[in-house]
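So this one's structure.cif, mmCIF, C-alpha atoms, pLDDT in the B column; chains and numbers go by the auth columns:
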data_model
#
loop_
_atom_site.group_PDB
_atom_site.id
_atom_site.type_symbol
_atom_site.label_atom_id
_atom_site.label_comp_id
_atom_site.label_asym_id
_atom_site.label_seq_id
_atom_site.Cartn_x
_atom_site.Cartn_y
_atom_site.Cartn_z
_atom_site.B_iso_or_equiv
_atom_site.auth_seq_id
_atom_site.auth_asym_id
ATOM 1 C CA MET A 1 182.045 279.153 70.068 41.00 1265 J
ATOM 2 C CA THR A 2 185.469 277.486 70.092 40.00 1266 J
ATOM 3 C CA THR A 3 187.006 274.340 71.483 41.00 1267 J
ATOM 4 C CA ILE A 4 190.503 274.133 72.943 40.00 1268 J
ATOM 5 C CA THR A 5 192.540 271.192 71.660 41.00 1269 J
ATOM 6 C CA GLU A 6 195.094 269.162 73.562 45.00 1270 J
ATOM 7 C CA GLU A 7 197.709 271.746 72.549 48.00 1271 J
ATOM 8 C CA ALA A 8 195.636 274.426 74.339 44.00 1272 J
ATOM 9 C CA ARG A 9 195.100 276.168 70.989 62.00 1273 J
ATOM 10 C CA ALA A 10 191.798 277.524 69.777 79.00 1274 J
ATOM 11 C CA TYR A 11 191.068 276.512 66.193 94.00 1275 J
ATOM 12 C CA GLY A 12 188.668 278.496 64.034 96.00 1276 J
ATOM 13 C CA TYR A 13 187.178 278.337 60.566 96.00 1277 J
ATOM 14 C CA ALA A 14 190.260 279.977 59.040 96.00 1278 J
ATOM 15 C CA ASP A 15 192.371 277.026 60.210 96.00 1279 J
ATOM 16 C CA LEU A 16 190.317 274.402 58.389 95.00 1280 J
ATOM 17 C CA PRO A 17 191.996 274.631 54.948 93.00 1281 J
ATOM 18 C CA ARG A 18 195.389 274.132 56.612 94.00 1282 J
ATOM 19 C CA LEU A 19 194.102 271.181 58.641 95.00 1283 J
ATOM 20 C CA MET A 20 192.610 269.648 55.507 92.00 1284 J
ATOM 21 C CA GLY A 21 195.878 270.271 53.687 91.00 1285 J
ATOM 22 C CA THR A 22 197.726 267.953 56.051 93.00 1286 J
ATOM 23 C CA MET A 23 195.680 265.039 54.703 91.00 1287 J
ATOM 24 C CA THR A 24 197.273 263.735 51.520 81.00 1288 J
ATOM 25 C CA GLY A 25 197.287 260.596 49.408 67.00 1289 J
ATOM 26 C CA ASP A 26 195.120 258.951 46.785 62.00 1290 J
ATOM 27 C CA GLU A 27 191.339 258.694 46.843 60.00 1291 J
ATOM 28 C CA LYS A 28 190.876 261.925 48.772 58.00 1292 J
ATOM 29 C CA HIS A 29 187.610 262.852 47.031 62.00 1293 J
ATOM 30 C CA GLY A 30 188.629 266.477 47.448 71.00 1294 J
ATOM 31 C CA PRO A 31 185.542 268.104 45.883 70.00 1295 J
ATOM 32 C CA ALA A 32 183.238 265.878 47.935 74.00 1296 J
ATOM 33 C CA ALA A 33 185.031 267.027 51.077 81.00 1297 J
ATOM 34 C CA THR A 34 185.282 270.735 50.363 89.00 1298 J
ATOM 35 C CA SER A 35 181.616 270.936 49.362 92.00 1299 J
ATOM 36 C CA THR A 36 180.641 270.051 52.935 94.00 1300 J
ATOM 37 C CA LEU A 37 183.128 272.250 54.812 96.00 1301 J
ATOM 38 C CA ASP A 38 180.900 275.216 55.611 97.00 1302 J
ATOM 39 C CA VAL A 39 177.879 273.118 56.547 98.00 1303 J
ATOM 40 C CA LEU A 40 179.979 271.040 58.924 98.00 1304 J
ATOM 41 C CA TRP A 41 181.590 274.064 60.523 98.00 1305 J
ATOM 42 C CA VAL A 42 178.331 275.900 61.180 98.00 1306 J
ATOM 43 C CA LEU A 43 176.752 272.775 62.627 98.00 1307 J
ATOM 44 C CA TYR A 44 179.616 271.975 64.993 98.00 1308 J
ATOM 45 C CA ASP A 45 180.411 275.574 65.862 98.00 1309 J
ATOM 46 C CA ARG A 46 176.906 276.987 66.358 98.00 1310 J
ATOM 47 C CA VAL A 47 174.185 274.344 66.318 98.00 1311 J
ATOM 48 C CA LEU A 48 175.004 270.843 67.566 98.00 1312 J
ATOM 49 C CA ARG A 49 174.753 270.198 71.290 97.00 1313 J
ATOM 50 C CA VAL A 50 177.700 267.835 71.486 97.00 1314 J
ATOM 51 C CA ARG A 51 181.285 268.297 72.656 96.00 1315 J
ATOM 52 C CA PRO A 52 184.166 265.868 73.120 96.00 1316 J
ATOM 53 C CA GLU A 53 183.293 265.438 76.789 96.00 1317 J
ATOM 54 C CA THR A 54 179.617 264.717 75.979 96.00 1318 J
ATOM 55 C CA ALA A 55 180.148 262.465 72.950 96.00 1319 J
ATOM 56 C CA ASP A 56 178.631 259.516 74.812 95.00 1320 J
ATOM 57 C CA ASP A 57 175.944 261.437 76.708 97.00 1321 J
ATOM 58 C CA PRO A 58 172.464 260.033 75.935 96.00 1322 J
ATOM 59 C CA GLY A 59 171.148 263.606 75.769 97.00 1323 J
ATOM 60 C CA ARG A 60 173.581 264.721 73.051 98.00 1324 J
ATOM 61 C CA ASP A 61 172.592 265.744 69.549 98.00 1325 J
ATOM 62 C CA ARG A 62 173.468 263.132 66.930 98.00 1326 J
ATOM 63 C CA PHE A 63 175.238 264.004 63.675 98.00 1327 J
ATOM 64 C CA LEU A 64 175.403 261.335 60.959 97.00 1328 J
ATOM 65 C CA LEU A 65 177.662 261.832 57.940 96.00 1329 J
ATOM 66 C CA SER A 66 175.960 259.903 55.171 94.00 1330 J
ATOM 67 C CA LYS A 67 178.224 261.471 52.542 90.00 1331 J
ATOM 68 C CA GLY A 68 181.109 259.497 53.969 87.00 1332 J
ATOM 69 C CA HIS A 69 183.245 259.067 50.846 84.00 1333 J
ATOM 70 C CA GLY A 70 184.897 262.472 51.274 80.00 1334 J
ATOM 71 C CA PRO A 71 185.562 262.766 55.004 92.00 1335 J
ATOM 72 C CA MET A 72 188.521 265.169 55.062 93.00 1336 J
ATOM 73 C CA ALA A 73 186.409 268.183 56.021 95.00 1337 J
ATOM 74 C CA TYR A 74 184.666 266.096 58.683 96.00 1338 J
ATOM 75 C CA TYR A 75 187.982 265.025 60.195 96.00 1339 J
ATOM 76 C CA ALA A 76 189.302 268.596 60.086 96.00 1340 J
ATOM 77 C CA VAL A 77 186.238 269.940 61.902 97.00 1341 J
ATOM 78 C CA LEU A 78 186.345 267.150 64.492 97.00 1342 J
ATOM 79 C CA ALA A 79 190.018 267.921 65.106 97.00 1343 J
ATOM 80 C CA ALA A 80 189.379 271.664 65.325 97.00 1344 J
ATOM 81 C CA LYS A 81 186.694 271.001 67.935 97.00 1345 J
ATOM 82 C CA GLY A 82 188.861 268.683 70.005 96.00 1346 J
ATOM 83 C CA PHE A 83 187.209 265.333 69.248 97.00 1347 J
ATOM 84 C CA LEU A 84 190.457 263.950 67.876 95.00 1348 J
ATOM 85 C CA SER A 85 194.108 264.983 67.854 96.00 1349 J
ATOM 86 C CA THR A 86 195.368 267.073 64.946 95.00 1350 J
ATOM 87 C CA ASP A 87 198.423 264.790 65.004 95.00 1351 J
ATOM 88 C CA LEU A 88 196.255 262.077 63.434 96.00 1352 J
ATOM 89 C CA LEU A 89 195.419 264.086 60.327 95.00 1353 J
ATOM 90 C CA PRO A 90 198.645 263.533 58.318 94.00 1354 J
ATOM 91 C CA GLY A 91 198.112 259.770 58.548 93.00 1355 J
ATOM 92 C CA PHE A 92 194.738 259.977 56.796 93.00 1356 J
ATOM 93 C CA GLY A 93 194.051 256.865 54.754 90.00 1357 J
ATOM 94 C CA SER A 94 197.167 254.946 55.811 91.00 1358 J
ATOM 95 C CA TRP A 95 196.872 251.324 56.904 90.00 1359 J
ATOM 96 C CA ASP A 96 197.506 252.087 60.595 92.00 1360 J
ATOM 97 C CA SER A 97 195.412 255.252 60.858 94.00 1361 J
ATOM 98 C CA PRO A 98 191.946 255.415 62.444 96.00 1362 J
ATOM 99 C CA LEU A 99 191.048 258.029 59.827 95.00 1363 J
ATOM 100 C CA GLY A 100 190.019 255.932 56.868 92.00 1364 J
ATOM 101 C CA HIS A 101 188.714 256.972 53.477 90.00 1365 J
ATOM 102 C CA HIS A 102 185.287 256.261 54.976 91.00 1366 J
ATOM 103 C CA PRO A 103 184.686 257.097 58.670 94.00 1367 J
ATOM 104 C CA ASP A 104 184.515 254.187 61.099 94.00 1368 J
ATOM 105 C CA ARG A 105 182.443 254.861 64.213 94.00 1369 J
ATOM 106 C CA THR A 106 184.527 252.403 66.222 95.00 1370 J
ATOM 107 C CA LEU A 107 187.740 254.278 65.430 96.00 1371 J
ATOM 108 C CA VAL A 108 186.825 257.963 65.041 96.00 1372 J
ATOM 109 C CA PRO A 109 185.850 259.799 68.246 95.00 1373 J
ATOM 110 C CA GLY A 110 182.535 261.571 67.774 95.00 1374 J
ATOM 111 C CA ALA A 111 181.468 259.608 64.685 96.00 1375 J
ATOM 112 C CA GLU A 112 177.957 258.180 65.118 97.00 1376 J
ATOM 113 C CA ILE A 113 177.974 255.797 62.135 95.00 1377 J
ATOM 114 C CA GLY A 114 180.335 254.093 59.747 93.00 1378 J
ATOM 115 C CA SER A 115 179.504 255.482 56.313 86.00 1379 J
ATOM 116 C CA GLY A 116 180.498 255.539 52.696 73.00 1380 J
ATOM 117 C CA SER A 117 177.879 253.310 51.071 77.00 1381 J
ATOM 118 C CA LEU A 118 175.531 255.910 49.647 83.00 1382 J
ATOM 119 C CA GLY A 119 171.895 255.910 50.669 87.00 1383 J
ATOM 120 C CA HIS A 120 172.321 254.549 54.198 92.00 1384 J
ATOM 121 C CA GLY A 121 172.587 257.667 56.350 95.00 1385 J
ATOM 122 C CA LEU A 122 169.079 259.058 56.050 97.00 1386 J
ATOM 123 C CA PRO A 123 167.349 255.743 56.810 97.00 1387 J
ATOM 124 C CA ILE A 124 169.639 255.312 59.831 97.00 1388 J
ATOM 125 C CA ALA A 125 168.790 258.853 60.945 98.00 1389 J
ATOM 126 C CA VAL A 126 165.077 258.059 60.719 98.00 1390 J
ATOM 127 C CA GLY A 127 165.622 254.991 62.876 98.00 1391 J
ATOM 128 C CA THR A 128 167.686 257.017 65.352 98.00 1392 J
ATOM 129 C CA ALA A 129 164.970 259.654 65.662 98.00 1393 J
ATOM 130 C CA LEU A 130 162.335 256.960 66.139 98.00 1394 J
ATOM 131 C CA GLY A 131 164.431 255.239 68.794 98.00 1395 J
ATOM 132 C CA LEU A 132 164.941 258.462 70.736 98.00 1396 J
ATOM 133 C CA ARG A 133 161.214 259.201 70.597 97.00 1397 J
ATOM 134 C CA ALA A 134 160.374 255.696 71.800 97.00 1398 J
ATOM 135 C CA ARG A 135 162.653 256.244 74.789 96.00 1399 J
ATOM 136 C CA GLN A 136 160.968 259.567 75.553 96.00 1400 J
ATOM 137 C CA ARG A 137 164.131 261.510 74.759 96.00 1401 J
ATOM 138 C CA HIS A 138 162.694 264.590 73.114 95.00 1402 J
ATOM 139 C CA GLU A 139 165.636 266.982 73.463 96.00 1403 J
ATOM 140 C CA PRO A 140 168.332 265.380 71.265 98.00 1404 J
ATOM 141 C CA ALA A 141 168.253 266.487 67.645 98.00 1405 J
ATOM 142 C CA VAL A 142 169.277 264.117 64.866 98.00 1406 J
ATOM 143 C CA TRP A 143 171.170 265.607 61.928 98.00 1407 J
ATOM 144 C CA VAL A 144 172.256 263.816 58.757 98.00 1408 J
ATOM 145 C CA LEU A 145 174.341 265.221 55.904 97.00 1409 J
ATOM 146 C CA VAL A 146 173.523 263.781 52.480 95.00 1410 J
ATOM 147 C CA GLY A 147 175.012 264.443 49.056 91.00 1411 J
ATOM 148 C CA ASP A 148 172.699 265.396 46.209 91.00 1412 J
ATOM 149 C CA ALA A 149 173.708 262.351 44.158 88.00 1413 J
ATOM 150 C CA GLU A 150 172.755 260.104 47.077 89.00 1414 J
ATOM 151 C CA LEU A 151 169.147 260.931 46.337 90.00 1415 J
ATOM 152 C CA ASP A 152 169.471 258.628 43.332 88.00 1416 J
ATOM 153 C CA GLU A 153 169.322 255.790 45.885 90.00 1417 J
ATOM 154 C CA GLY A 154 165.807 254.497 46.537 90.00 1418 J
ATOM 155 C CA SER A 155 166.433 253.875 50.236 94.00 1419 J
ATOM 156 C CA ASN A 156 166.440 257.624 50.790 94.00 1420 J
ATOM 157 C CA HIS A 157 162.999 258.046 49.278 94.00 1421 J
ATOM 158 C CA GLU A 158 161.521 255.404 51.550 96.00 1422 J
ATOM 159 C CA ALA A 159 162.981 257.317 54.490 97.00 1423 J
ATOM 160 C CA ILE A 160 161.680 260.662 53.188 97.00 1424 J
ATOM 161 C CA ALA A 161 158.205 259.230 52.633 97.00 1425 J
ATOM 162 C CA TYR A 162 158.080 257.750 56.132 98.00 1426 J
ATOM 163 C CA ALA A 163 159.557 260.605 58.159 98.00 1427 J
ATOM 164 C CA GLY A 164 157.083 263.275 57.066 97.00 1428 J
ATOM 165 C CA PRO A 165 153.831 261.518 58.028 97.00 1429 J
ATOM 166 C CA ALA A 166 155.552 260.197 61.182 97.00 1430 J
ATOM 167 C CA GLY A 167 156.109 263.794 62.297 98.00 1431 J
ATOM 168 C CA LEU A 168 159.767 263.290 63.219 98.00 1432 J
ATOM 169 C CA GLU A 169 160.305 266.846 64.393 98.00 1433 J
ATOM 170 C CA ARG A 170 163.788 266.144 65.800 98.00 1434 J
ATOM 171 C CA LEU A 171 165.046 264.892 62.421 98.00 1435 J
ATOM 172 C CA HIS A 172 167.080 267.313 60.301 98.00 1436 J
ATOM 173 C CA THR A 173 168.577 266.574 56.884 98.00 1437 J
ATOM 174 C CA VAL A 174 171.135 268.702 55.071 98.00 1438 J
ATOM 175 C CA VAL A 175 171.576 267.992 51.371 96.00 1439 J
ATOM 176 C CA VAL A 176 174.770 269.498 49.958 94.00 1440 J
ATOM 177 C CA ASP A 177 173.877 270.267 46.345 93.00 1441 J
ATOM 178 C CA ASN A 178 176.932 270.581 44.102 88.00 1442 J
ATOM 179 C CA SER A 179 175.036 269.586 40.953 83.00 1443 J
ATOM 180 C CA SER A 180 176.466 266.067 40.885 78.00 1444 J
ATOM 181 C CA ALA A 181 173.141 264.211 40.739 73.00 1445 J
ATOM 182 C CA SER A 182 172.341 262.351 37.538 63.00 1446 J
ATOM 183 C CA HIS A 183 168.545 262.615 37.722 60.00 1447 J
ATOM 184 C CA ALA A 184 166.726 265.926 37.521 56.00 1448 J
ATOM 185 C CA ARG A 185 163.881 266.661 39.933 65.00 1449 J
ATOM 186 C CA PRO A 186 161.038 268.946 38.822 62.00 1450 J
ATOM 187 C CA GLY A 187 160.848 271.761 41.345 69.00 1451 J
ATOM 188 C CA GLY A 188 164.276 270.981 42.746 86.00 1452 J
ATOM 189 C CA ILE A 189 165.415 268.836 45.652 92.00 1453 J
ATOM 190 C CA ALA A 190 163.217 270.583 48.208 94.00 1454 J
ATOM 191 C CA ALA A 191 160.036 269.746 46.277 92.00 1455 J
ATOM 192 C CA ARG A 192 160.560 266.019 46.875 92.00 1456 J
ATOM 193 C CA PHE A 193 160.712 266.513 50.624 95.00 1457 J
ATOM 194 C CA GLU A 194 157.833 269.013 50.673 96.00 1458 J
ATOM 195 C CA ALA A 195 155.615 266.457 48.930 94.00 1459 J
ATOM 196 C CA ALA A 196 156.171 264.147 51.914 97.00 1460 J
ATOM 197 C CA GLY A 197 155.307 266.821 54.469 98.00 1461 J
ATOM 198 C CA TRP A 198 158.764 268.105 55.380 98.00 1462 J
ATOM 199 C CA SER A 199 159.665 271.688 56.262 98.00 1463 J
ATOM 200 C CA THR A 200 162.334 272.943 53.821 98.00 1464 J
ATOM 201 C CA ALA A 201 164.788 275.753 53.180 98.00 1465 J
ATOM 202 C CA THR A 202 167.235 276.262 50.313 96.00 1466 J
ATOM 203 C CA VAL A 203 170.251 278.491 50.940 97.00 1467 J
ATOM 204 C CA ASP A 204 173.760 279.387 49.818 98.00 1468 J
ATOM 205 C CA GLY A 205 175.926 276.601 51.238 97.00 1469 J
ATOM 206 C CA ARG A 206 178.860 278.969 51.786 97.00 1470 J
ATOM 207 C CA ASP A 207 176.913 281.652 53.688 98.00 1471 J
ATOM 208 C CA HIS A 208 177.323 280.869 57.382 98.00 1472 J
ATOM 209 C CA ASP A 209 174.579 283.171 58.621 98.00 1473 J
ATOM 210 C CA ALA A 210 172.118 281.870 56.036 98.00 1474 J
ATOM 211 C CA LEU A 211 172.988 278.302 56.996 98.00 1475 J
ATOM 212 C CA TYR A 212 172.538 279.042 60.695 98.00 1476 J
ATOM 213 C CA ASP A 213 169.151 280.691 60.118 98.00 1477 J
ATOM 214 C CA ALA A 214 168.000 277.718 58.026 98.00 1478 J
ATOM 215 C CA PHE A 215 169.313 275.187 60.544 98.00 1479 J
ATOM 216 C CA THR A 216 167.527 276.845 63.454 98.00 1480 J
ATOM 217 C CA ALA A 217 164.221 277.700 61.726 98.00 1481 J
ATOM 218 C CA PRO A 218 161.153 276.414 63.637 97.00 1482 J
ATOM 219 C CA HIS A 219 159.402 273.397 62.095 98.00 1483 J
ATOM 220 C CA PRO A 220 156.833 272.116 64.602 97.00 1484 J
ATOM 221 C CA ASP A 221 155.636 268.536 64.091 97.00 1485 J
ATOM 222 C CA ARG A 222 157.648 268.096 60.895 98.00 1486 J
ATOM 223 C CA PRO A 223 161.143 266.949 59.946 98.00 1487 J
ATOM 224 C CA HIS A 224 163.306 269.660 58.420 98.00 1488 J
ATOM 225 C CA LEU A 225 165.389 269.786 55.240 98.00 1489 J
ATOM 226 C CA VAL A 226 168.069 272.328 54.360 98.00 1490 J
ATOM 227 C CA VAL A 227 169.421 272.288 50.802 96.00 1491 J
ATOM 228 C CA ALA A 228 172.879 273.880 50.842 97.00 1492 J
ATOM 229 C CA ARG A 229 173.832 274.919 47.332 94.00 1493 J
ATOM 230 C CA VAL A 230 177.540 275.125 46.556 94.00 1494 J
ATOM 231 C CA GLU A 231 179.614 275.490 43.400 89.00 1495 J
ATOM 232 C CA PRO A 232 179.173 272.645 40.874 85.00 1496 J
ATOM 233 C CA LYS A 233 181.452 269.648 41.210 69.00 1497 J
ATOM 234 C CA ASN A 234 184.266 270.016 38.676 60.00 1498 J
ATOM 235 C CA SER A 235 186.427 266.972 39.306 42.00 1499 J
#

Have the structure of the file written as structure tokens, please.
Amino acid sequence: MTTITEEARAYGYADLPRLMGTMTGDEKHGPAATSTLDVLWVLYDRVLRVRPETADDPGRDRFLLSKGHGPMAYYAVLAAKGFLSTDLLPGFGSWDSPLGHHPDRTLVPGAEIGSGSLGHGLPIAVGTALGLRARQRHEPAVWVLVGDAELDEGSNHEAIAYAGPAGLERLHTVVVDNSSASHARPGGIAARFEAAGWSTATVDGRDHDALYDAFTAPHPDRPHLVVARVEPKNS
């Protein structure tokens, strides 16, 4: 699936490194961004039911970037899919650009939340899923992308513990695991979610077919976790 931009050009996965390369400056958090690139592409290209023209549709899927401190890959994917102009990318992080070092939902088309403070995205996603269920909107899926080190934040564990027993079937969490967490977890990341009643899958975070299969696996009456393992953070 592709999206035509304002220049009537179809952008694909192969274009993403070039689009990311147009974003320069300090505080890029390059490893944080590149670790999420494949997950973001598969979600926006093959899974999420949202397009630029449906970004405000109540029936859309919601994607929440909790790992908001490295948004270059997110901006590149949004630009490739037509949510924002590629002309905005070179201004990344400048004082007059809408593309800040942390995404701002009031400035970035398609962004559901402002993020960057670690540990907020998953609790917000739980609240979003609850709100949709309360309004009898059972079709929209809620997706949240979390970094492995974010799981050091206690707010996430309250959300994990609540979502499982609540049976939030439309809630999906992707943890990008680049071995940056400071606290080890016996049994791995998935074991924490499984203990709270979640469905889980752990896959190669660079394998697009494996990611797609994990993202679309059935999980009736339970929230779903996908751990996407990528190369260890080295800078």

Test item: residues at most 12 Å from Met1284 of chain J, all atoms listed in the file, excluding those fewer than 5 positions along its chain, as a PDB file with C-alpha atoms, in the coordinates of the input:
ATOM      1  CA  TYR J1277     187.178 278.337  60.566  1.00 96.00           C
ATOM      2  CA  ALA J1278     190.260 279.977  59.040  1.00 96.00           C
ATOM      3  CA  ASP J1279     192.371 277.026  60.210  1.00 96.00           C
ATOM      4  CA  GLY J1289     197.287 260.596  49.408  1.00 67.00           C
ATOM      5  CA  LYS J1292     190.876 261.925  48.772  1.00 58.00           C
ATOM      6  CA  HIS J1293     187.610 262.852  47.031  1.00 62.00           C
ATOM      7  CA  GLY J1294     188.629 266.477  47.448  1.00 71.00           C
ATOM      8  CA  ALA J1297     185.031 267.027  51.077  1.00 81.00           C
ATOM      9  CA  THR J1298     185.282 270.735  50.363  1.00 89.00           C
ATOM     10  CA  LEU J1301     183.128 272.250  54.812  1.00 96.00           C
ATOM     11  CA  GLY J1334     184.897 262.472  51.274  1.00 80.00           C
ATOM     12  CA  PRO J1335     185.562 262.766  55.004  1.00 92.00           C
ATOM     13  CA  MET J1336     188.521 265.169  55.062  1.00 93.00           C
ATOM     14  CA  ALA J1337     186.409 268.183  56.021  1.00 95.00           C
ATOM     15  CA  TYR J1338     184.666 266.096  58.683  1.00 96.00           C
ATOM     16  CA  TYR J1339     187.982 265.025  60.195  1.00 96.00           C
ATOM     17  CA  ALA J1340     189.302 268.596  60.086  1.00 96.00           C
ATOM     18  CA  VAL J1341     186.238 269.940  61.902  1.00 97.00           C
ATOM     19  CA  LEU J1342     186.345 267.150  64.492  1.00 97.00           C
ATOM     20  CA  ALA J1343     190.018 267.921  65.106  1.00 97.00           C
ATOM     21  CA  ALA J1344     189.379 271.664  65.325  1.00 97.00           C
ATOM     22  CA  THR J1350     195.368 267.073  64.946  1.00 95.00           C
ATOM     23  CA  LEU J1352     196.255 262.077  63.434  1.00 96.00           C
ATOM     24  CA  LEU J1353     195.419 264.086  60.327  1.00 95.00           C
ATOM     25  CA  PRO J1354     198.645 263.533  58.318  1.00 94.00           C
ATOM     26  CA  GLY J1355     198.112 259.770  58.548  1.00 93.00           C
ATOM     27  CA  PHE J1356     194.738 259.977  56.796  1.00 93.00           C
TER      28      PHE J1356
END

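Here the question is which of J:Ala1425, J:Pro1482, J:Gly1323, J:Lys1345 gets nearest to Arg1401 of chain J using all atoms listed in the file, and that residue is J:Gly1323.
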
Using only C-alpha atoms, pick whichever of J:Asp1368, J:Asp1416, J:Glu1495, J:Asp1325 has the shortest atom-to-atom distance to Glu1403 of chain J.
->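 Answer, going by the shortest atom-to-atom distance: J:Asp1325.
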
Which residue, J:Arg1369, J:His1472, J:His1333, J:His1402, has the smallest gap to Asp1309 of chain J when you use all atoms listed in the file?
->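 When distances to Asp1309 of chain J are compared using all atoms listed in the file, the smallest one comes from J:His1472.
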
Using all atoms listed in the file, which residue out of J:Thr1318, J:Glu1376, J:Leu1348, J:Leu1312 lies closest to Gly1332 of chain J?
->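 Of the candidates, the smallest distance to Gly1332 of chain J is held by J:Glu1376.
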
Using only C-alpha atoms, which of the listed residues (J:Val1410, J:Asp1441, J:Leu1489, J:Asp1471) sits closest to Gly1428 of chain J?
->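 Closest residue, counting only C-alpha atoms: J:Leu1489.
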
Local residues around (192.0, 257.6, 69.2), at most 9 Å away, using all atoms listed in the file, as an MDAnalysis selection string | chainID J and resid 1348:1349 1352 1362 1371:1373

Can you turn the PyMOL selection byres ((chain J and resi 1453) around 12) into a concrete residue list for this file, as a ChimeraX atom specification?
-> /J:1410-1416,1421,1424,1437-1443,1445,1447-1452,1454-1459,1462,1464-1466,1489-1493

Residue nearest Val1311 of chain J among J:Pro1429, J:Gly1395, J:Gly1346, J:Pro1404 (counting all atoms listed in the file) =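 Going through J:Pro1429, J:Gly1395, J:Gly1346, J:Pro1404 one by one, the smallest distance to Val1311 of chain J is for J:Pro1404.
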
Answer key for the PyMOL selection byres ((chain J and resi 1476) around 8), residues as a PyMOL selection string | chain J and resi 1306-1307+1310-1311+1472-1475+1477-1480

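Across the structure, atom CA of His1366 of chain J and atom CA of Leu1329 of chain J are spaced 9.9 Å apart.
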
Report the centre and edge lengths, in Å to one decimal, of an axis-aligned box enclosing every atom of segment 1375-1378 of chain J listed in the file, padded by 8 Å on each side, as JSON.
{"center_x": 179.7, "center_y": 256.9, "center_z": 62.4, "size_x": 19.5, "size_y": 21.5, "size_z": 21.4}

Reference answer for the PyMOL selection byres ((chain J and resi 1408) around 8), as a PyMOL selection string | chain J and resi 1327-1330+1385-1386+1389+1406-1407+1409-1410+1436-1438

Interatomic distance between atom CA of Ala1460 of chain J and atom CA of Glu1417 of chain J?
->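 Separating atom CA of Ala1460 of chain J from atom CA of Glu1417 of chain J is a distance of 16.7 Å.
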
Residue completion, segment 1485-1497 of chain J, N, CA and C atoms, as a short mmCIF file (atom, residue, chain, number, x, y, z; two decimals), in the frame of the given file:
data_model
loop_
_atom_site.label_atom_id
_atom_site.label_comp_id
_atom_site.auth_asym_id
_atom_site.auth_seq_id
_atom_site.Cartn_x
_atom_site.Cartn_y
_atom_site.Cartn_z
N ASP J 1485 156.31 269.76 64.51
CA ASP J 1485 155.64 268.54 64.09
C ASP J 1485 156.07 268.02 62.73
N ARG J 1486 157.17 268.56 62.20
CA ARG J 1486 157.65 268.10 60.90
C ARG J 1486 159.17 267.95 60.91
N PRO J 1487 159.69 266.98 60.16
CA PRO J 1487 161.14 266.95 59.95
C PRO J 1487 161.55 268.12 59.06
N HIS J 1488 162.83 268.45 59.09
CA HIS J 1488 163.31 269.66 58.42
C HIS J 1488 164.43 269.34 57.45
N LEU J 1489 164.36 269.92 56.27
CA LEU J 1489 165.39 269.79 55.24
C LEU J 1489 166.02 271.14 54.97
N VAL J 1490 167.35 271.16 54.86
CA VAL J 1490 168.07 272.33 54.36
C VAL J 1490 168.87 271.89 53.15
N VAL J 1491 168.62 272.51 52.00
CA VAL J 1491 169.42 272.29 50.80
C VAL J 1491 170.49 273.37 50.78
N ALA J 1492 171.74 272.95 50.84
CA ALA J 1492 172.88 273.88 50.84
C ALA J 1492 173.53 273.84 49.47
N ARG J 1493 173.30 274.88 48.69
CA ARG J 1493 173.83 274.92 47.33
C ARG J 1493 175.26 275.45 47.33
N VAL J 1494 176.14 274.70 46.68
CA VAL J 1494 177.54 275.12 46.56
C VAL J 1494 177.93 275.06 45.07
N GLU J 1495 179.15 275.47 44.78
CA GLU J 1495 179.61 275.49 43.40
C GLU J 1495 179.57 274.08 42.81
N PRO J 1496 179.28 273.97 41.50
CA PRO J 1496 179.17 272.64 40.87
C PRO J 1496 180.47 271.86 41.01
N LYS J 1497 180.30 270.54 41.15
CA LYS J 1497 181.45 269.65 41.21
C LYS J 1497 182.19 269.70 39.87
#
